[in-house]
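> The structure's right below; bear with me while I get my questions together.
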Amino acid sequence: MEGIQGFERLITSPQTKRVGLAGARVASNGGIQVDFGGKRFVLDPSAPAKADYTFVSHAHIDHMHAPSRQERIIASKETRELAAARGYELGETMEEVEGIELLDSGHILGSRAIRIGDEVYYTGDASGRERAFLGRCKTRNARVLIMETTFGSPEYVFPQTARVVKDANRVIGEAYDRGRPVVLMGYQLGKAQLLSYYFSAWEPFLLQSGVARMNETYSRLGVRLRTGAGFDLAKELDDLPQGPWVMITPMSNGRSRVMSHLRKRYGAVLVAFSGWAVGGGYGRFLGADYAFPLSDHCDYPELMRLVQEVSPEVVYTTHGFAAEFARDLRRVGFSARTIAPYQSSLFDYTKAD
Ligand SMILES: [Zn+2]
């Protein structure tokens with residue numbers, strides 16, 4: 001607690017004291033702190049943490065920090081490699097620690113959930129369905145579930161992935177018929193590799209340089225994807241071939257300098273892929289011609305199923321619709337509360353029920 005801002009907001013409610021008696025205590029700061037079995041674990045902190053173990057669930061920037069040399073980092077080998085490719089040196093990492101279990105969370109390559117004893121299960125970011133080379137989040141029973149709830153609102157129900165891929169292929173085919181290239185946009189780590197997998201049969205197939213670098217790392221870690229130097233769009237914007245092609249790029253606003261140029265000079269069609277594309281409006285917001293709901297997170301029914309599978313006594317929600325999802329869980333009989341940093345008030349846990 002000492003010297004770690006926010007850590008003094010420990011849980012003191014009757015329910016969680018009961019959990020505390022069994023040996024686990026949960027608190028929130030820039031990361032999530034779990035005290036269990038005489039050890040302190042800090043999960044996905046945003047800054048170096050004083051703990052026996054620091055857990056890094058996956059290599060997305062909002063789940064990483066530049067660790068201090070004293071930290072003992074629990075992370076998968078893939079997370080360590082992907083972090084390094086993005087300039088975050090995690091140093092020595094470990095996957096085997098007594099009393100803990102790492103489980104595939106299905107979010108991106110190497111993403112892991114962690115189970116601490118049989119008390120606490122923390123999902124990190126998680127997906128509820130198989131996609132390409134990724135499995136779905138694996139679950140175990142635990143008394144305390146700490147879960148991400150990015151899409152924890154009932155309107156977020158994602159269509160079948162095969163349906164999305166089919167619809168996107170139709171858009172690409174129509175663009176090719178008119179001689180126009182297509183830019184497929186998704187987050188540089190994770191989504192762009194799924195897009196590279198699903199749409200690599202189109203020729204010519206181009207990659208933006210940052211995506212190419214991530215594809216290279218995936219390939220080195222055993223997921224064979226199209227690779228190559230890739231185009232640095234900041235410098236090589238006028239060097240692309242004419243005629244139809246498909247290019248995978250990071251998510252970008254359609255009104256940005258690069259995307260406007262691709263539109264004007266090449267007649268490019270812009271297609272965005274994100275879970276936020278459910279229900280329309282997202283494509284317009286982003287300035288894309290099309291937006292498809294393809295996500296690396298659980299949709300609402302998958303979040304609910306995850307809770308049922310873990311069958312916890314207490315649920316803590318974090319990210320996105322954290323308060324709404326906790327409220328919905330309480331309505332169906334679970335004890336649930338958000339643990340989002342700076343908005344949680346863990347002292348009055350029971351009052352919120
Ligand atoms: Zn993530």
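Ligands are numbered from 1 in the order shown, residues from 1 within each chain, and chains are lettered A, B, ... in the order they appear in the structure tokens.
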Can you pull out every residue within 9 Å of A:Ala49, counting only C-alpha atoms, but drop anything in the same chain fewer than 6 positions away, and send it as a list in words?
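Neighbouring residues, sequence-local ones excluded: Ile4, Gly31, Val42, Pro67, Ser68 and Glu71 of chain A.
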> The selected residues should be written to file as a PDB file, in the first residue's frame (atoms: N, CA, C and O atoms).

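Contents of part.pdb, freshly written:
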ATOM      1  N   ILE A   4       2.222   3.524  -3.139  1.00  0.00           N
ATOM      2  CA  ILE A   4       1.562   3.206  -4.400  1.00  0.00           C
ATOM      3  C   ILE A   4       0.209   3.883  -4.406  1.00  0.00           C
ATOM      4  O   ILE A   4      -0.714   3.476  -3.716  1.00  0.00           O
ATOM      5  N   GLY A  31      -3.331  -0.082 -12.212  1.00  0.00           N
ATOM      6  CA  GLY A  31      -3.541  -1.492 -12.522  1.00  0.00           C
ATOM      7  C   GLY A  31      -4.464  -2.046 -11.462  1.00  0.00           C
ATOM      8  O   GLY A  31      -5.139  -1.302 -10.768  1.00  0.00           O
ATOM      9  N   VAL A  42       0.221  -7.428  -9.159  1.00  0.00           N
ATOM     10  CA  VAL A  42      -0.371  -6.244  -9.787  1.00  0.00           C
ATOM     11  C   VAL A  42      -0.607  -6.573 -11.262  1.00  0.00           C
ATOM     12  O   VAL A  42       0.284  -7.065 -11.961  1.00  0.00           O
ATOM     13  N   PRO A  67       8.739  -1.534 -17.536  1.00  0.00           N
ATOM     14  CA  PRO A  67       8.918  -2.034 -16.161  1.00  0.00           C
ATOM     15  C   PRO A  67      10.261  -1.618 -15.564  1.00  0.00           C
ATOM     16  O   PRO A  67      11.224  -1.380 -16.282  1.00  0.00           O
ATOM     17  N   SER A  68      10.291  -1.544 -14.258  1.00  0.00           N
ATOM     18  CA  SER A  68      11.554  -1.319 -13.560  1.00  0.00           C
ATOM     19  C   SER A  68      12.316  -2.638 -13.533  1.00  0.00           C
ATOM     20  O   SER A  68      11.744  -3.698 -13.773  1.00  0.00           O
ATOM     21  N   GLU A  71      11.099  -5.537 -11.138  1.00  0.00           N
ATOM     22  CA  GLU A  71       9.807  -6.223 -11.296  1.00  0.00           C
ATOM     23  C   GLU A  71       9.974  -7.639 -11.840  1.00  0.00           C
ATOM     24  O   GLU A  71      10.761  -7.865 -12.753  1.00  0.00           O
TER      25      GLU A  71
END
> Neighbours of ligand 1 within 12 Å, counting only C-alpha atoms and all ligand atoms, as an NGL selection string?
:A and (44 or 56-64 or 79 or 105-113 or 123-127 or 148-150 or 187-191 or 295-298 or 319)
> Could you pull out the alpha helix (DSSP H) residues of stretch 245-310 of chain A from DSSP and send them as number ranges by chain?
A: 257-266, 282-286, 300-310
> For the residues selected in the previous step, produce a file with N, CA and C atoms as a PDB file, in the first residue's frame.

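Output file selection09.pdb is given in full below:
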ATOM      1  N   ARG A 257      -4.645  13.162 -43.630  1.00  0.00           N
ATOM      2  CA  ARG A 257      -3.904  13.517 -44.851  1.00  0.00           C
ATOM      3  C   ARG A 257      -3.655  12.275 -45.711  1.00  0.00           C
ATOM      4  N   VAL A 258      -3.168  11.200 -45.061  1.00  0.00           N
ATOM      5  CA  VAL A 258      -2.816   9.985 -45.809  1.00  0.00           C
ATOM      6  C   VAL A 258      -4.048   9.385 -46.480  1.00  0.00           C
ATOM      7  N   MET A 259      -5.128   9.230 -45.723  1.00  0.00           N
ATOM      8  CA  MET A 259      -6.312   8.564 -46.289  1.00  0.00           C
ATOM      9  C   MET A 259      -6.977   9.433 -47.358  1.00  0.00           C
ATOM     10  N   SER A 260      -7.001  10.742 -47.144  1.00  0.00           N
ATOM     11  CA  SER A 260      -7.562  11.631 -48.171  1.00  0.00           C
ATOM     12  C   SER A 260      -6.768  11.510 -49.464  1.00  0.00           C
ATOM     13  N   HIS A 261      -5.452  11.415 -49.319  1.00  0.00           N
ATOM     14  CA  HIS A 261      -4.587  11.295 -50.489  1.00  0.00           C
ATOM     15  C   HIS A 261      -4.840   9.970 -51.222  1.00  0.00           C
ATOM     16  N   LEU A 262      -4.963   8.889 -50.464  1.00  0.00           N
ATOM     17  CA  LEU A 262      -5.222   7.573 -51.085  1.00  0.00           C
ATOM     18  C   LEU A 262      -6.549   7.601 -51.844  1.00  0.00           C
ATOM     19  N   ARG A 263      -7.479   8.320 -51.309  1.00  0.00           N
ATOM     20  CA  ARG A 263      -8.780   8.454 -51.971  1.00  0.00           C
ATOM     21  C   ARG A 263      -8.655   9.249 -53.273  1.00  0.00           C
ATOM     22  N   LYS A 264      -8.016  10.406 -53.154  1.00  0.00           N
ATOM     23  CA  LYS A 264      -7.953  11.325 -54.299  1.00  0.00           C
ATOM     24  C   LYS A 264      -7.080  10.771 -55.412  1.00  0.00           C
ATOM     25  N   ARG A 265      -5.894  10.329 -55.069  1.00  0.00           N
ATOM     26  CA  ARG A 265      -4.938   9.932 -56.095  1.00  0.00           C
ATOM     27  C   ARG A 265      -5.243   8.555 -56.677  1.00  0.00           C
ATOM     28  N   TYR A 266      -5.707   7.624 -55.816  1.00  0.00           N
ATOM     29  CA  TYR A 266      -5.887   6.240 -56.268  1.00  0.00           C
ATOM     30  C   TYR A 266      -7.355   5.824 -56.341  1.00  0.00           C
ATOM     31  N   TYR A 282     -20.555   4.281 -37.052  1.00  0.00           N
ATOM     32  CA  TYR A 282     -19.109   4.299 -36.790  1.00  0.00           C
ATOM     33  C   TYR A 282     -18.324   4.660 -38.050  1.00  0.00           C
ATOM     34  N   GLY A 283     -18.736   4.103 -39.196  1.00  0.00           N
ATOM     35  CA  GLY A 283     -18.055   4.384 -40.456  1.00  0.00           C
ATOM     36  C   GLY A 283     -18.095   5.861 -40.785  1.00  0.00           C
ATOM     37  N   ARG A 284     -19.269   6.465 -40.584  1.00  0.00           N
ATOM     38  CA  ARG A 284     -19.433   7.894 -40.836  1.00  0.00           C
ATOM     39  C   ARG A 284     -18.545   8.701 -39.881  1.00  0.00           C
ATOM     40  N   PHE A 285     -18.583   8.306 -38.626  1.00  0.00           N
ATOM     41  CA  PHE A 285     -17.763   8.963 -37.599  1.00  0.00           C
ATOM     42  C   PHE A 285     -16.281   8.938 -37.995  1.00  0.00           C
ATOM     43  N   LEU A 286     -15.871   7.795 -38.540  1.00  0.00           N
ATOM     44  CA  LEU A 286     -14.459   7.597 -38.878  1.00  0.00           C
ATOM     45  C   LEU A 286     -14.121   8.141 -40.268  1.00  0.00           C
ATOM     46  N   TYR A 300     -21.719  -8.659 -25.912  1.00  0.00           N
ATOM     47  CA  TYR A 300     -22.490  -8.698 -24.662  1.00  0.00           C
ATOM     48  C   TYR A 300     -22.893 -10.126 -24.244  1.00  0.00           C
ATOM     49  N   PRO A 301     -23.486 -10.913 -25.151  1.00  0.00           N
ATOM     50  CA  PRO A 301     -23.823 -12.289 -24.737  1.00  0.00           C
ATOM     51  C   PRO A 301     -22.596 -13.109 -24.350  1.00  0.00           C
ATOM     52  N   GLU A 302     -21.471 -12.855 -24.999  1.00  0.00           N
ATOM     53  CA  GLU A 302     -20.252 -13.607 -24.659  1.00  0.00           C
ATOM     54  C   GLU A 302     -19.717 -13.206 -23.287  1.00  0.00           C
ATOM     55  N   LEU A 303     -19.869 -11.933 -22.935  1.00  0.00           N
ATOM     56  CA  LEU A 303     -19.477 -11.493 -21.584  1.00  0.00           C
ATOM     57  C   LEU A 303     -20.339 -12.197 -20.536  1.00  0.00           C
ATOM     58  N   MET A 304     -21.646 -12.258 -20.819  1.00  0.00           N
ATOM     59  CA  MET A 304     -22.560 -12.925 -19.884  1.00  0.00           C
ATOM     60  C   MET A 304     -22.205 -14.398 -19.737  1.00  0.00           C
ATOM     61  N   ARG A 305     -21.899 -15.030 -20.870  1.00  0.00           N
ATOM     62  CA  ARG A 305     -21.551 -16.466 -20.833  1.00  0.00           C
ATOM     63  C   ARG A 305     -20.269 -16.676 -20.025  1.00  0.00           C
ATOM     64  N   LEU A 306     -19.325 -15.751 -20.192  1.00  0.00           N
ATOM     65  CA  LEU A 306     -18.062 -15.843 -19.457  1.00  0.00           C
ATOM     66  C   LEU A 306     -18.324 -15.825 -17.948  1.00  0.00           C
ATOM     67  N   VAL A 307     -19.204 -14.942 -17.510  1.00  0.00           N
ATOM     68  CA  VAL A 307     -19.527 -14.858 -16.075  1.00  0.00           C
ATOM     69  C   VAL A 307     -20.147 -16.180 -15.617  1.00  0.00           C
ATOM     70  N   GLN A 308     -21.071 -16.697 -16.425  1.00  0.00           N
ATOM     71  CA  GLN A 308     -21.730 -17.952 -16.041  1.00  0.00           C
ATOM     72  C   GLN A 308     -20.725 -19.094 -15.940  1.00  0.00           C
ATOM     73  N   GLU A 309     -19.776 -19.125 -16.850  1.00  0.00           N
ATOM     74  CA  GLU A 309     -18.779 -20.202 -16.840  1.00  0.00           C
ATOM     75  C   GLU A 309     -17.869 -20.128 -15.619  1.00  0.00           C
ATOM     76  N   VAL A 310     -17.457 -18.910 -15.261  1.00  0.00           N
ATOM     77  CA  VAL A 310     -16.550 -18.757 -14.106  1.00  0.00           C
ATOM     78  C   VAL A 310     -17.320 -18.964 -12.804  1.00  0.00           C
TER      79      VAL A 310
END
> Given the choices A:Val269, A:Ile114, A:Leu103, A:Ala162, which gets closest to A:Cys137 if the distance is worked out from only C-alpha atoms?
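Answer, going by the shortest atom-to-atom distance: A:Leu103.
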> Would you give me, as a PyMOL selection string, the residues in stretch 70-101 of chain A that DSSP reads as strand (DSSP E)?
chain A and resi 73-74+93-94+100-101
> If you measure from atom CA of A:Ala322 to atom CA of A:Tyr88, what distance in Å do you get, rounded to one decimal?
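The value is 28.1 Å.
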> Env of A:Trp276: 9 Å cut, atoms = only C-alpha atoms, seq-sep filter 6 positions within chain, self excluded. Answer as a PDB file with all heavy atoms, in the first residue's frame.

ATOM      1  N   PHE A 151     -17.464  -4.029 -24.360  1.00  0.00           N
ATOM      2  CA  PHE A 151     -18.748  -4.003 -25.073  1.00  0.00           C
ATOM      3  C   PHE A 151     -19.881  -4.531 -24.177  1.00  0.00           C
ATOM      4  O   PHE A 151     -20.753  -5.282 -24.628  1.00  0.00           O
ATOM      5  CB  PHE A 151     -18.638  -4.796 -26.381  1.00  0.00           C
ATOM      6  CG  PHE A 151     -17.705  -4.152 -27.376  1.00  0.00           C
ATOM      7  CD1 PHE A 151     -16.458  -4.710 -27.652  1.00  0.00           C
ATOM      8  CD2 PHE A 151     -18.051  -2.969 -28.014  1.00  0.00           C
ATOM      9  CE1 PHE A 151     -15.587  -4.100 -28.557  1.00  0.00           C
ATOM     10  CE2 PHE A 151     -17.187  -2.352 -28.915  1.00  0.00           C
ATOM     11  CZ  PHE A 151     -15.952  -2.920 -29.183  1.00  0.00           C
ATOM     12  N   TYR A 156     -24.476  -4.486 -28.213  1.00  0.00           N
ATOM     13  CA  TYR A 156     -23.288  -5.029 -28.856  1.00  0.00           C
ATOM     14  C   TYR A 156     -23.376  -6.546 -28.981  1.00  0.00           C
ATOM     15  O   TYR A 156     -22.977  -7.282 -28.082  1.00  0.00           O
ATOM     16  CB  TYR A 156     -22.015  -4.578 -28.122  1.00  0.00           C
ATOM     17  CG  TYR A 156     -21.787  -3.106 -28.344  1.00  0.00           C
ATOM     18  CD1 TYR A 156     -22.176  -2.175 -27.400  1.00  0.00           C
ATOM     19  CD2 TYR A 156     -21.270  -2.647 -29.553  1.00  0.00           C
ATOM     20  CE1 TYR A 156     -22.027  -0.816 -27.632  1.00  0.00           C
ATOM     21  CE2 TYR A 156     -21.126  -1.292 -29.801  1.00  0.00           C
ATOM     22  CZ  TYR A 156     -21.509  -0.385 -28.837  1.00  0.00           C
ATOM     23  OH  TYR A 156     -21.376   0.950 -29.088  1.00  0.00           O
ATOM     24  N   TYR A 282     -20.555   4.281 -37.052  1.00  0.00           N
ATOM     25  CA  TYR A 282     -19.109   4.299 -36.790  1.00  0.00           C
ATOM     26  C   TYR A 282     -18.324   4.660 -38.050  1.00  0.00           C
ATOM     27  O   TYR A 282     -17.374   5.435 -38.004  1.00  0.00           O
ATOM     28  CB  TYR A 282     -18.666   2.951 -36.242  1.00  0.00           C
ATOM     29  CG  TYR A 282     -17.205   2.894 -35.883  1.00  0.00           C
ATOM     30  CD1 TYR A 282     -16.723   3.571 -34.764  1.00  0.00           C
ATOM     31  CD2 TYR A 282     -16.295   2.181 -36.669  1.00  0.00           C
ATOM     32  CE1 TYR A 282     -15.377   3.525 -34.436  1.00  0.00           C
ATOM     33  CE2 TYR A 282     -14.950   2.131 -36.345  1.00  0.00           C
ATOM     34  CZ  TYR A 282     -14.495   2.805 -35.227  1.00  0.00           C
ATOM     35  OH  TYR A 282     -13.172   2.763 -34.908  1.00  0.00           O
ATOM     36  N   ALA A 291     -17.861   0.167 -42.685  1.00  0.00           N
ATOM     37  CA  ALA A 291     -17.333  -0.268 -41.386  1.00  0.00           C
ATOM     38  C   ALA A 291     -17.996  -1.586 -41.018  1.00  0.00           C
ATOM     39  O   ALA A 291     -19.223  -1.697 -41.068  1.00  0.00           O
ATOM     40  CB  ALA A 291     -17.614   0.781 -40.321  1.00  0.00           C
ATOM     41  N   PHE A 292     -17.178  -2.576 -40.683  1.00  0.00           N
ATOM     42  CA  PHE A 292     -17.705  -3.899 -40.330  1.00  0.00           C
ATOM     43  C   PHE A 292     -17.384  -4.237 -38.878  1.00  0.00           C
ATOM     44  O   PHE A 292     -16.277  -3.978 -38.404  1.00  0.00           O
ATOM     45  CB  PHE A 292     -17.096  -4.966 -41.240  1.00  0.00           C
ATOM     46  CG  PHE A 292     -17.568  -4.877 -42.668  1.00  0.00           C
ATOM     47  CD1 PHE A 292     -16.705  -4.470 -43.673  1.00  0.00           C
ATOM     48  CD2 PHE A 292     -18.877  -5.202 -42.997  1.00  0.00           C
ATOM     49  CE1 PHE A 292     -17.147  -4.387 -44.991  1.00  0.00           C
ATOM     50  CE2 PHE A 292     -19.322  -5.125 -44.305  1.00  0.00           C
ATOM     51  CZ  PHE A 292     -18.452  -4.708 -45.309  1.00  0.00           C
ATOM     52  N   PRO A 293     -18.362  -4.848 -38.190  1.00  0.00           N
ATOM     53  CA  PRO A 293     -18.101  -5.220 -36.793  1.00  0.00           C
ATOM     54  C   PRO A 293     -17.286  -6.516 -36.696  1.00  0.00           C
ATOM     55  O   PRO A 293     -17.834  -7.607 -36.735  1.00  0.00           O
ATOM     56  CB  PRO A 293     -19.507  -5.408 -36.207  1.00  0.00           C
ATOM     57  CG  PRO A 293     -20.418  -5.587 -37.376  1.00  0.00           C
ATOM     58  CD  PRO A 293     -19.716  -5.147 -38.616  1.00  0.00           C
ATOM     59  N   LEU A 294     -15.984  -6.352 -36.619  1.00  0.00           N
ATOM     60  CA  LEU A 294     -15.083  -7.482 -36.373  1.00  0.00           C
ATOM     61  C   LEU A 294     -14.284  -7.091 -35.145  1.00  0.00           C
ATOM     62  O   LEU A 294     -13.583  -6.081 -35.161  1.00  0.00           O
ATOM     63  CB  LEU A 294     -14.150  -7.685 -37.586  1.00  0.00           C
ATOM     64  CG  LEU A 294     -13.173  -8.860 -37.495  1.00  0.00           C
ATOM     65  CD1 LEU A 294     -13.910 -10.192 -37.538  1.00  0.00           C
ATOM     66  CD2 LEU A 294     -12.147  -8.801 -38.625  1.00  0.00           C
ATOM     67  N   SER A 295     -14.407  -7.873 -34.083  1.00  0.00           N
ATOM     68  CA  SER A 295     -13.831  -7.449 -32.808  1.00  0.00           C
ATOM     69  C   SER A 295     -12.925  -8.507 -32.205  1.00  0.00           C
ATOM     70  O   SER A 295     -13.087  -9.697 -32.452  1.00  0.00           O
ATOM     71  CB  SER A 295     -14.956  -7.138 -31.816  1.00  0.00           C
ATOM     72  OG  SER A 295     -14.395  -6.708 -30.590  1.00  0.00           O
TER      73      SER A 295
END
> Using only C-alpha atoms, which protein or nucleic acid residues come within 8 Å of A:Val223? Drop anything in the same chain fewer than 4 positions from it, and give the result as a PyMOL selection string.
chain A and resi 133+218-219
> Point out the residue among A:Val211, A:Ala201, A:Val144, A:Ala75 with the least atom-to-atom distance to A:Leu233, counting only C-alpha atoms.
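Among the listed residues, the smallest separation from A:Leu233 belongs to A:Val211.
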> Using only C-alpha atoms, pick whichever of A:Phe273, A:Phe321, A:Tyr290, A:Phe41 has the shortest atom-to-atom distance to A:Leu195.
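Looking at the shortest contact to A:Leu195, the residue is A:Phe273.
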> Return the single residue from A:Glu98, A:Glu324, A:Asp118, A:Glu81 that is closest to A:Arg213, with distances computed using only C-alpha atoms.
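Between A:Glu98, A:Glu324, A:Asp118, A:Glu81, the residue approaching A:Arg213 most closely is A:Glu81.
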> Just to confirm, what's the straight-line distance from atom CA of A:Trp202 to atom CA of A:Pro159 in Å (one decimal)?
23.2 Å
> Could you check how far atom CA of A:Phe334 sits from atom CA of A:Tyr53, in Å to one decimal?
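Computed distance, atom CA of A:Phe334 to atom CA of A:Tyr53, equals 29.4 Å.
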